$ cat query_29.pdb   # PDB, C-alpha atoms
ATOM      1  CA  MET G   1      -0.338  12.298   9.943  1.00  0.00           C
ATOM      2  CA  LYS G   2      -3.285  10.012  10.046  1.00  0.00           C
ATOM      3  CA  LYS G   3      -2.391   6.428  10.810  1.00  0.00           C
ATOM      4  CA  VAL G   4      -3.868   3.759   8.637  1.00  0.00           C
ATOM      5  CA  LEU G   5      -4.936   0.618  10.463  1.00  0.00           C
ATOM      6  CA  ILE G   6      -3.977  -2.531   8.577  1.00  0.00           C
ATOM      7  CA  ALA G   7      -6.343  -5.414   9.298  1.00  0.00           C
ATOM      8  CA  LEU G   8      -4.742  -8.770  10.018  1.00  0.00           C
ATOM      9  CA  LEU G   9      -5.428 -11.605   7.591  1.00  0.00           C
ATOM     10  CA  ILE G  10      -7.632 -14.323   9.083  1.00  0.00           C
ATOM     11  CA  LEU G  11      -7.766 -17.709   7.388  1.00  0.00           C
ATOM     12  CA  GLY G  12     -10.487 -20.333   7.819  1.00  0.00           C
ATOM     13  CA  LEU G  13     -12.420 -21.509  10.834  1.00  0.00           C
ATOM     14  CA  LEU G  14     -10.114 -24.305  11.942  1.00  0.00           C
ATOM     15  CA  PRO G  15      -6.724 -23.841  13.616  1.00  0.00           C
ATOM     16  CA  VAL G  16      -4.071 -23.237  10.976  1.00  0.00           C
ATOM     17  CA  ALA G  17      -0.353 -22.724  11.002  1.00  0.00           C
ATOM     18  CA  ALA G  18      -0.300 -19.016  10.092  1.00  0.00           C
ATOM     19  CA  TYR G  19       2.301 -16.368  10.795  1.00  0.00           C
ATOM     20  CA  ALA G  20       0.539 -13.077  11.547  1.00  0.00           C
ATOM     21  CA  PRO G  21       2.972 -10.352  12.615  1.00  0.00           C
ATOM     22  CA  VAL G  22       1.711  -7.019  13.875  1.00  0.00           C
ATOM     23  CA  TYR G  23       3.604  -4.173  12.245  1.00  0.00           C
ATOM     24  CA  ASN G  24       3.403  -0.474  11.646  1.00  0.00           C
ATOM     25  CA  PRO G  25       4.031   0.130   7.925  1.00  0.00           C
ATOM     26  CA  TYR G  26       5.282   3.651   8.626  1.00  0.00           C
ATOM     27  CA  TYR G  27       8.209   2.469  10.738  1.00  0.00           C
ATOM     28  CA  ASP G  28       8.886  -1.209  10.012  1.00  0.00           C
ATOM     29  CA  TYR G  29       8.823  -2.881   6.629  1.00  0.00           C
ATOM     30  CA  PRO G  30       6.513  -5.904   6.842  1.00  0.00           C
ATOM     31  CA  GLY G  31       7.642  -9.463   6.165  1.00  0.00           C
ATOM     32  CA  SER G  32      10.299 -10.110   3.558  1.00  0.00           C
ATOM     33  CA  GLU G  33      11.198  -8.009   0.550  1.00  0.00           C
ATOM     34  CA  VAL G  34      10.534  -9.563  -2.840  1.00  0.00           C
ATOM     35  CA  SER G  35      12.111  -8.544  -6.124  1.00  0.00           C
ATOM     36  CA  SER G  36      10.387  -5.697  -7.940  1.00  0.00           C
ATOM     37  CA  TRP G  37      10.753  -4.105 -11.349  1.00  0.00           C
ATOM     38  CA  ALA G  38       9.994  -0.737 -12.942  1.00  0.00           C
ATOM     39  CA  TRP G  39       8.889  -0.288 -16.547  1.00  0.00           C
ATOM     40  CA  VAL G  40      11.501   2.007 -18.110  1.00  0.00           C
ATOM     41  CA  ASN G  41      11.872   2.843 -21.802  1.00  0.00           C
ATOM     42  CA  GLY G  42       9.799  -0.110 -22.913  1.00  0.00           C
ATOM     43  CA  ALA G  43      11.388  -2.758 -20.683  1.00  0.00           C
ATOM     44  CA  TRP G  44      11.235  -4.051 -17.118  1.00  0.00           C
ATOM     45  CA  VAL G  45      14.252  -2.899 -15.101  1.00  0.00           C
ATOM     46  CA  VAL G  46      15.049  -4.322 -11.660  1.00  0.00           C
ATOM     47  CA  SER G  47      13.992  -1.816  -9.022  1.00  0.00           C
ATOM     48  CA  SER G  48      15.005  -3.715  -5.901  1.00  0.00           C
ATOM     49  CA  GLU G  49      15.899  -7.339  -5.180  1.00  0.00           C
ATOM     50  CA  GLY G  50      14.847  -9.179  -2.071  1.00  0.00           C
ATOM     51  CA  ALA G  51      18.360 -10.469  -1.459  1.00  0.00           C
ATOM     52  CA  ASN G  52      19.930  -7.162  -2.449  1.00  0.00           C
ATOM     53  CA  PRO G  53      17.588  -4.339  -1.379  1.00  0.00           C
ATOM     54  CA  ASN G  54      17.953  -0.924  -2.968  1.00  0.00           C
ATOM     55  CA  GLU G  55      17.092   1.827  -0.492  1.00  0.00           C
ATOM     56  CA  CYS G  56      16.941   4.392  -3.293  1.00  0.00           C
ATOM     57  CA  ALA G  57      14.663   2.327  -5.541  1.00  0.00           C
ATOM     58  CA  LEU G  58      11.598   4.102  -6.868  1.00  0.00           C
ATOM     59  CA  ALA G  59       9.427   1.291  -5.473  1.00  0.00           C
ATOM     60  CA  ARG G  60       9.899  -1.762  -3.251  1.00  0.00           C
ATOM     61  CA  CYS G  61       7.525  -4.584  -2.384  1.00  0.00           C
ATOM     62  CA  PHE G  62       7.250  -6.811   0.695  1.00  0.00           C
ATOM     63  CA  ALA G  63       5.319 -10.049   1.242  1.00  0.00           C
ATOM     64  CA  SER G  64       4.052 -11.071   4.671  1.00  0.00           C
ATOM     65  CA  LEU G  65       1.450 -13.138   6.504  1.00  0.00           C
ATOM     66  CA  PRO G  66       2.221 -16.565   5.031  1.00  0.00           C
ATOM     67  CA  ALA G  67      -0.389 -19.236   5.706  1.00  0.00           C
ATOM     68  CA  ASP G  68      -1.003 -22.894   5.001  1.00  0.00           C
ATOM     69  CA  SER G  69      -3.357 -25.651   6.052  1.00  0.00           C
ATOM     70  CA  ALA G  70      -4.844 -28.917   4.919  1.00  0.00           C
ATOM     71  CA  CYS G  71      -8.383 -30.245   5.329  1.00  0.00           C
ATOM     72  CA  ASN G  72     -11.270 -31.853   3.439  1.00  0.00           C
ATOM     73  CA  LYS G  73     -13.169 -28.590   3.053  1.00  0.00           C
ATOM     74  CA  ASP G  74     -13.643 -25.531   0.907  1.00  0.00           C
ATOM     75  CA  TRP G  75     -11.481 -22.583   1.831  1.00  0.00           C
ATOM     76  CA  LYS G  76     -11.931 -18.830   1.728  1.00  0.00           C
ATOM     77  CA  ILE G  77      -8.501 -17.198   1.712  1.00  0.00           C
ATOM     78  CA  ASP G  78      -8.570 -13.458   2.330  1.00  0.00           C
ATOM     79  CA  VAL G  79      -5.735 -11.399   0.921  1.00  0.00           C
ATOM     80  CA  LYS G  80      -4.867  -7.723   1.184  1.00  0.00           C
ATOM     81  CA  ILE G  81      -2.917  -5.580  -1.260  1.00  0.00           C
ATOM     82  CA  HIS G  82      -1.763  -2.284   0.182  1.00  0.00           C
ATOM     83  CA  ALA G  83       0.137   0.569  -1.474  1.00  0.00           C
ATOM     84  CA  SER G  84       1.678   3.412   0.527  1.00  0.00           C
ATOM     85  CA  ILE G  85       2.489   6.281  -1.848  1.00  0.00           C
ATOM     86  CA  ALA G  86       5.188   8.738  -0.841  1.00  0.00           C
ATOM     87  CA  GLN G  87       4.931  12.419  -1.591  1.00  0.00           C
ATOM     88  CA  TRP G  88       7.163  13.549  -4.437  1.00  0.00           C
ATOM     89  CA  ILE G  89       8.064  16.955  -5.783  1.00  0.00           C
ATOM     90  CA  GLU G  90       9.554  18.346  -8.977  1.00  0.00           C
ATOM     91  CA  TRP G  91      10.599  21.973  -9.102  1.00  0.00           C
ATOM     92  CA  SER G  92      12.535  24.349 -11.314  1.00  0.00           C
ATOM     93  CA  MET G  93      13.553  27.999 -11.209  1.00  0.00           C
ATOM     94  CA  THR G  94      14.762  29.985 -14.187  1.00  0.00           C
ATOM     95  CA  GLY G  95      17.307  31.670 -11.940  1.00  0.00           C
ATOM     96  CA  THR G  96      18.485  31.871  -8.343  1.00  0.00           C
ATOM     97  CA  ARG G  97      20.329  35.166  -8.634  1.00  0.00           C
ATOM     98  CA  TRP G  98      19.338  38.721  -9.566  1.00  0.00           C
ATOM     99  CA  ASP G  99      21.849  41.304 -10.692  1.00  0.00           C
ATOM    100  CA  TRP G 100      20.717  44.926 -11.010  1.00  0.00           C
ATOM    101  CA  PHE G 101      22.843  47.479 -12.880  1.00  0.00           C
ATOM    102  CA  VAL G 102      21.449  50.932 -12.067  1.00  0.00           C
ATOM    103  CA  ARG G 103      22.626  54.177 -13.688  1.00  0.00           C
ATOM    104  CA  LYS G 104      20.491  56.712 -11.758  1.00  0.00           C
ATOM    105  CA  PRO G 105      18.112  56.912  -8.754  1.00  0.00           C
ATOM    106  CA  GLY G 106      14.549  55.720  -9.231  1.00  0.00           C
ATOM    107  CA  ASN G 107      12.089  52.834  -8.797  1.00  0.00           C
ATOM    108  CA  TYR G 108      12.784  49.748 -10.873  1.00  0.00           C
ATOM    109  CA  ALA G 109      10.952  46.404 -11.172  1.00  0.00           C
ATOM    110  CA  ALA G 110      11.952  43.163 -12.866  1.00  0.00           C
ATOM    111  CA  ASP G 111      10.428  39.828 -13.770  1.00  0.00           C
ATOM    112  CA  CYS G 112      13.507  37.827 -12.852  1.00  0.00           C
ATOM    113  CA  ILE G 113      12.371  34.364 -11.866  1.00  0.00           C
ATOM    114  CA  THR G 114       9.732  31.944 -13.055  1.00  0.00           C
ATOM    115  CA  ALA G 115       9.239  28.910 -10.820  1.00  0.00           C
ATOM    116  CA  THR G 116       7.413  25.644 -11.501  1.00  0.00           C
ATOM    117  CA  ILE G 117       6.334  23.194  -8.782  1.00  0.00           C
ATOM    118  CA  LYS G 118       4.768  19.754  -9.228  1.00  0.00           C
ATOM    119  CA  SER G 119       3.747  17.557  -6.313  1.00  0.00           C
ATOM    120  CA  ASN G 120       1.095  15.076  -5.247  1.00  0.00           C
ATOM    121  CA  GLN G 121       0.220  16.757  -1.921  1.00  0.00           C
ATOM    122  CA  ASN G 122       0.483  20.003   0.003  1.00  0.00           C
ATOM    123  CA  VAL G 123       3.807  21.871  -0.211  1.00  0.00           C
ATOM    124  CA  LEU G 124       4.975  24.482   2.291  1.00  0.00           C
ATOM    125  CA  VAL G 125       7.007  27.275   0.696  1.00  0.00           C
ATOM    126  CA  ASP G 126       8.970  29.378   3.164  1.00  0.00           C
ATOM    127  CA  TYR G 127      11.148  32.424   2.530  1.00  0.00           C
ATOM    128  CA  HIS G 128      14.127  33.046   4.811  1.00  0.00           C
ATOM    129  CA  ASP G 129      16.521  35.944   5.441  1.00  0.00           C
ATOM    130  CA  PHE G 130      15.062  38.276   2.807  1.00  0.00           C
ATOM    131  CA  GLY G 131      15.950  41.871   3.603  1.00  0.00           C
ATOM    132  CA  PRO G 132      17.103  45.155   2.066  1.00  0.00           C
ATOM    133  CA  LEU G 133      20.175  45.201  -0.121  1.00  0.00           C
ATOM    134  CA  VAL G 134      23.121  46.215   2.047  1.00  0.00           C
ATOM    135  CA  ALA G 135      26.340  47.855   0.880  1.00  0.00           C
ATOM    136  CA  VAL G 136      29.160  45.334   0.746  1.00  0.00           C
ATOM    137  CA  ASP G 137      31.485  47.943   2.244  1.00  0.00           C
ATOM    138  CA  THR G 138      29.293  50.122   4.467  1.00  0.00           C
ATOM    139  CA  LEU G 139      32.171  52.544   5.103  1.00  0.00           C
ATOM    140  CA  LYS G 140      31.966  53.649   1.457  1.00  0.00           C
ATOM    141  CA  ALA G 141      28.197  54.302   1.425  1.00  0.00           C
ATOM    142  CA  VAL G 142      26.364  57.427   2.599  1.00  0.00           C
ATOM    143  CA  LEU G 143      23.112  55.421   2.598  1.00  0.00           C
ATOM    144  CA  ASP G 144      24.091  51.782   2.925  1.00  0.00           C
ATOM    145  CA  THR G 145      20.746  50.053   2.144  1.00  0.00           C
ATOM    146  CA  ILE G 146      18.446  49.800  -0.857  1.00  0.00           C
ATOM    147  CA  PRO G 147      14.789  48.918  -0.101  1.00  0.00           C
ATOM    148  CA  ILE G 148      13.351  46.003  -2.062  1.00  0.00           C
ATOM    149  CA  TRP G 149       9.837  44.559  -2.412  1.00  0.00           C
ATOM    150  CA  TYR G 150       8.660  41.201  -3.815  1.00  0.00           C
ATOM    151  CA  SER G 151       5.498  39.929  -5.448  1.00  0.00           C
ATOM    152  CA  VAL G 152       4.475  36.366  -6.252  1.00  0.00           C
ATOM    153  CA  GLY G 153       1.884  35.693  -8.932  1.00  0.00           C
ATOM    154  CA  ASP G 154       1.030  34.297 -12.340  1.00  0.00           C
ATOM    155  CA  TYR G 155       0.099  37.676 -13.830  1.00  0.00           C
ATOM    156  CA  THR G 156       1.861  38.951 -16.936  1.00  0.00           C
ATOM    157  CA  PRO G 157       3.287  40.786 -18.760  1.00  0.00           C
ATOM    158  CA  THR G 158       3.908  43.706 -16.387  1.00  0.00           C
ATOM    159  CA  PRO G 159       4.519  43.939 -12.618  1.00  0.00           C
ATOM    160  CA  PRO G 160       1.894  45.367 -10.226  1.00  0.00           C
ATOM    161  CA  PRO G 161       1.836  49.170  -9.905  1.00  0.00           C
ATOM    162  CA  LYS G 162       4.013  50.788  -7.271  1.00  0.00           C
ATOM    163  CA  GLY G 163       2.104  50.763  -3.967  1.00  0.00           C
ATOM    164  CA  ASP G 164      -0.112  47.856  -5.038  1.00  0.00           C
ATOM    165  CA  PRO G 165      -0.879  45.533  -2.058  1.00  0.00           C
ATOM    166  CA  ARG G 166       0.503  42.613  -4.038  1.00  0.00           C
ATOM    167  CA  TRP G 167       3.968  43.976  -3.298  1.00  0.00           C
ATOM    168  CA  THR G 168       5.438  42.670  -0.029  1.00  0.00           C
ATOM    169  CA  TRP G 169       8.212  44.403   1.869  1.00  0.00           C
ATOM    170  CA  CYS G 170      11.320  42.216   1.818  1.00  0.00           C
ATOM    171  CA  ARG G 171      11.365  41.341   5.527  1.00  0.00           C
ATOM    172  CA  ASP G 172       7.608  40.722   5.568  1.00  0.00           C
ATOM    173  CA  LEU G 173       8.154  38.120   2.848  1.00  0.00           C
ATOM    174  CA  ASN G 174       9.721  35.909   5.505  1.00  0.00           C
ATOM    175  CA  ASN G 175       6.344  35.812   7.304  1.00  0.00           C
ATOM    176  CA  ALA G 176       3.957  36.024   4.342  1.00  0.00           C
ATOM    177  CA  ALA G 177       1.491  33.313   5.363  1.00  0.00           C
ATOM    178  CA  GLU G 178      -0.668  33.742   2.253  1.00  0.00           C
ATOM    179  CA  TRP G 179       2.191  32.398   0.153  1.00  0.00           C
ATOM    180  CA  ASP G 180       3.193  29.590   2.486  1.00  0.00           C
ATOM    181  CA  THR G 181       1.084  26.590   1.482  1.00  0.00           C
ATOM    182  CA  ILE G 182       0.381  25.305  -2.011  1.00  0.00           C
ATOM    183  CA  PHE G 183      -2.555  22.951  -1.562  1.00  0.00           C
ATOM    184  CA  ASP G 184      -3.048  19.625  -3.298  1.00  0.00           C
ATOM    185  CA  SER G 185      -4.894  19.907  -6.601  1.00  0.00           C
ATOM    186  CA  LYS G 186      -4.872  18.536 -10.117  1.00  0.00           C
ATOM    187  CA  ASP G 187      -3.114  21.713 -11.200  1.00  0.00           C
ATOM    188  CA  LEU G 188      -0.364  21.062  -8.666  1.00  0.00           C
ATOM    189  CA  HIS G 189       0.024  17.486  -9.949  1.00  0.00           C
ATOM    190  CA  ASP G 190       0.332  18.825 -13.500  1.00  0.00           C
ATOM    191  CA  GLY G 191       2.619  21.673 -12.472  1.00  0.00           C
ATOM    192  CA  LEU G 192       1.938  25.187 -11.189  1.00  0.00           C
ATOM    193  CA  GLN G 193       3.932  28.075 -12.582  1.00  0.00           C
ATOM    194  CA  PHE G 194       4.343  31.476 -10.971  1.00  0.00           C
ATOM    195  CA  LYS G 195       6.633  34.481 -11.089  1.00  0.00           C
ATOM    196  CA  LEU G 196       8.684  36.086  -8.361  1.00  0.00           C
ATOM    197  CA  TRP G 197       8.914  39.796  -9.140  1.00  0.00           C
ATOM    198  CA  ASN G 198      10.983  42.391  -7.302  1.00  0.00           C
ATOM    199  CA  TYR G 199      11.365  46.132  -7.330  1.00  0.00           C
ATOM    200  CA  ILE G 200      14.011  48.339  -5.790  1.00  0.00           C
ATOM    201  CA  HIS G 201      14.041  51.983  -4.734  1.00  0.00           C
ATOM    202  CA  VAL G 202      17.385  53.678  -5.357  1.00  0.00           C
ATOM    203  CA  GLU G 203      17.855  57.074  -3.714  1.00  0.00           C
ATOM    204  CA  ASN G 204      20.220  59.998  -4.316  1.00  0.00           C
ATOM    205  CA  CYS G 205      22.061  59.077  -1.117  1.00  0.00           C
ATOM    206  CA  ASN G 206      22.898  55.566  -2.293  1.00  0.00           C
ATOM    207  CA  SER G 207      26.605  55.779  -3.007  1.00  0.00           C
ATOM    208  CA  ALA G 208      28.244  54.223  -6.026  1.00  0.00           C
ATOM    209  CA  CYS G 209      29.141  50.815  -4.596  1.00  0.00           C
ATOM    210  CA  GLU G 210      27.878  47.224  -4.492  1.00  0.00           C
ATOM    211  CA  TYR G 211      24.753  46.181  -2.545  1.00  0.00           C
ATOM    212  CA  GLU G 212      23.465  42.663  -1.943  1.00  0.00           C
ATOM    213  CA  ASP G 213      21.348  40.331   0.167  1.00  0.00           C
ATOM    214  CA  ASP G 214      21.725  36.567   0.698  1.00  0.00           C
ATOM    215  CA  ALA G 215      18.428  34.740   1.255  1.00  0.00           C
ATOM    216  CA  TRP G 216      17.009  31.265   0.746  1.00  0.00           C
ATOM    217  CA  ILE G 217      13.724  29.457   0.027  1.00  0.00           C
ATOM    218  CA  SER G 218      12.653  26.123   1.527  1.00  0.00           C
ATOM    219  CA  LEU G 219      10.189  23.589   0.137  1.00  0.00           C
ATOM    220  CA  LYS G 220       8.690  21.158   2.656  1.00  0.00           C
ATOM    221  CA  LEU G 221       6.503  18.191   1.751  1.00  0.00           C
ATOM    222  CA  LEU G 222       3.674  18.322   4.287  1.00  0.00           C
ATOM    223  CA  CYS G 223       2.327  14.798   3.727  1.00  0.00           C
ATOM    224  CA  GLN G 224       5.539  12.807   3.451  1.00  0.00           C
ATOM    225  CA  LYS G 225       5.483   9.191   4.653  1.00  0.00           C
ATOM    226  CA  GLU G 226       7.537   8.363   7.708  1.00  0.00           C
ATOM    227  CA  TRP G 227       9.361   5.567   5.905  1.00  0.00           C
ATOM    228  CA  ILE G 228      11.063   8.164   3.681  1.00  0.00           C
ATOM    229  CA  ASP G 229      14.345   9.741   4.740  1.00  0.00           C
ATOM    230  CA  THR G 230      13.669  13.434   4.089  1.00  0.00           C
ATOM    231  CA  VAL G 231      17.415  14.177   3.844  1.00  0.00           C
ATOM    232  CA  ASP G 232      18.152  12.099   0.740  1.00  0.00           C
ATOM    233  CA  GLY G 233      14.633  11.117  -0.314  1.00  0.00           C
ATOM    234  CA  CYS G 234      15.383   7.372  -0.138  1.00  0.00           C
ATOM    235  CA  PHE G 235      13.818   4.659   2.023  1.00  0.00           C
ATOM    236  CA  LYS G 236      14.753   4.670   5.690  1.00  0.00           C
ATOM    237  CA  PRO G 237      16.925   1.656   6.539  1.00  0.00           C
ATOM    238  CA  GLU G 238      15.207  -1.289   8.139  1.00  0.00           C
ATOM    239  CA  ASP G 239      15.475  -1.450  11.913  1.00  0.00           C
TER     240      ASP G 239
END
$ encode --input "query_29.pdb" --output "structure tokens"
Amino acid sequence: MKKVLIALLILGLLPVAAYAPVYNPYYDYPGSEVSSWAWVNGAWVVSSEGANPNECALARCFASLPADSACNKDWKIDVKIHASIAQWIEWSMTGTRWDWFVRKPGNYAADCITATIKSNQNVLVDYHDFGPLVAVDTLKAVLDTIPIWYSVGDYTPTPPPKGDPRWTWCRDLNNAAEWDTIFDSKDLHDGLQFKLWNYIHVENCNSACEYEDDAWISLKLLCQKEWIDTVDGCFKPED
């Protein structure tokens, strides 16, 4: 992450009594926290108070570099206003579970999940532990796996044809680099929507039993500020 150099405030040409701490805004909060408010439902609501800081506030503000002097002269007082904006994300999925009920062998596809992601910077999407469906009790199955393929896209209303390169074998999904990064754009800020399709191939040798696979998807904010605790999304405590 690129570091932003914060210039120190310099006052006047004569010696002055000025406190000028050197700080890194990504690790240490500068100066003293002041009370801040957020505009919510037509009114100002306290976000965080200087004497009672709220580490899960949506915004906090700190004042630093106090200065004073006295002299029979004109003064030029430089000030700096800095805002460090954290990366945020909003996401939704219309489902996190698929349930197939299959009467006979064949190839079957389904549009099971629609996902929406909003963010203000790059998001890494990773797929983990995707594999074939495996018989819950392998001792009861002649063929104990069911192959499954996935496809990500915004196309509708039908899935890609069987054998289309847009289908990805289940285990290859875990390493599908072309799906990994959603790059920053106005569309991402407004919300991108896409579908996660799947199709299964059921064979004559698949016994009448239950098959399943447990997998998971991770979303990582690639430009998150270091003053954010990525576990709970709140501010890191002051050192």
$ resolve_selection --input "query_29.pdb" --expression "the PyMOL selection byres ((chain G and resi 182-193) around 9)" --output "ChimeraX atom specification"
/G:90-91,114-125,153-154,179-181,194-195
$ closest_residue --input "query_29.pdb" --among "G:Glu203, G:Asp28, G:Glu55, G:Asp74" --to "G:Gly106" --atoms "all atoms listed in the file"
G:Glu203
$ resolve_selection --input "query_29.pdb" --expression "the PyMOL selection byres ((chain G and resi 96) around 12)" --output "PyMOL selection string"
chain G and resi 92-95+97-99+112-115+196+214-217
$ closest_residue --input "query_29.pdb" --among "G:Tyr211, G:Phe62, G:Trp227, G:Trp37" --to "G:Lys140" --atoms "all atoms listed in the file"
G:Tyr211
$ atom_distance --input "query_29.pdb" --atom1 "atom CA of G:Ser64" --atom2 "atom CA of G:Tyr29"
9.7 Å
$ atom_distance --input "query_29.pdb" --atom1 "atom CA of G:Gln224" --atom2 "atom CA of G:Tyr127"
20.4 Å
$ residues_around --input "query_29.pdb" --residues "G:Thr168" --least-positions-apart "3" --cutoff "8 Å" --atoms "all atoms listed in the file" --output "VMD selection string"
chain G and resid 149 to 151 165 172 to 173
$ closest_residue --input "query_29.pdb" --among "G:Asn206, G:Phe235, G:Leu219, G:Val142" --to "G:Lys104" --atoms "all atoms listed in the file"
G:Asn206
$ residues_around --input "query_29.pdb" --residues "G:Cys205" --least-positions-apart "5" --cutoff "10 Å" --atoms "only C-alpha atoms" --output "list in words"
Pro105, Ala141, Val142, Leu143, Asp144, Thr145 and Ile146 of chain G
$ residues_around --input "query_29.pdb" --residues "G:Gly131" --least-positions-apart "4" --cutoff "7 Å" --atoms "all atoms listed in the file" --output "list of chain:residue names"
G:Cys170, G:Arg171, G:Asp213
$ atom_distance --input "query_29.pdb" --atom1 "atom CA of G:Glu49" --atom2 "atom CA of G:Val34"
6.3 Å
$ resolve_selection --input "query_29.pdb" --expression "the PyMOL selection byres ((chain G and resi 61) around 8)" --output "JSON, numbers by chain"
{"G": [33, 34, 35, 36, 59, 60, 62, 63]}
$ closest_residue --input "query_29.pdb" --among "G:Val136, G:Ile89, G:Ala51, G:Ala43" --to "G:Ala208" --atoms "only C-alpha atoms"
G:Val136
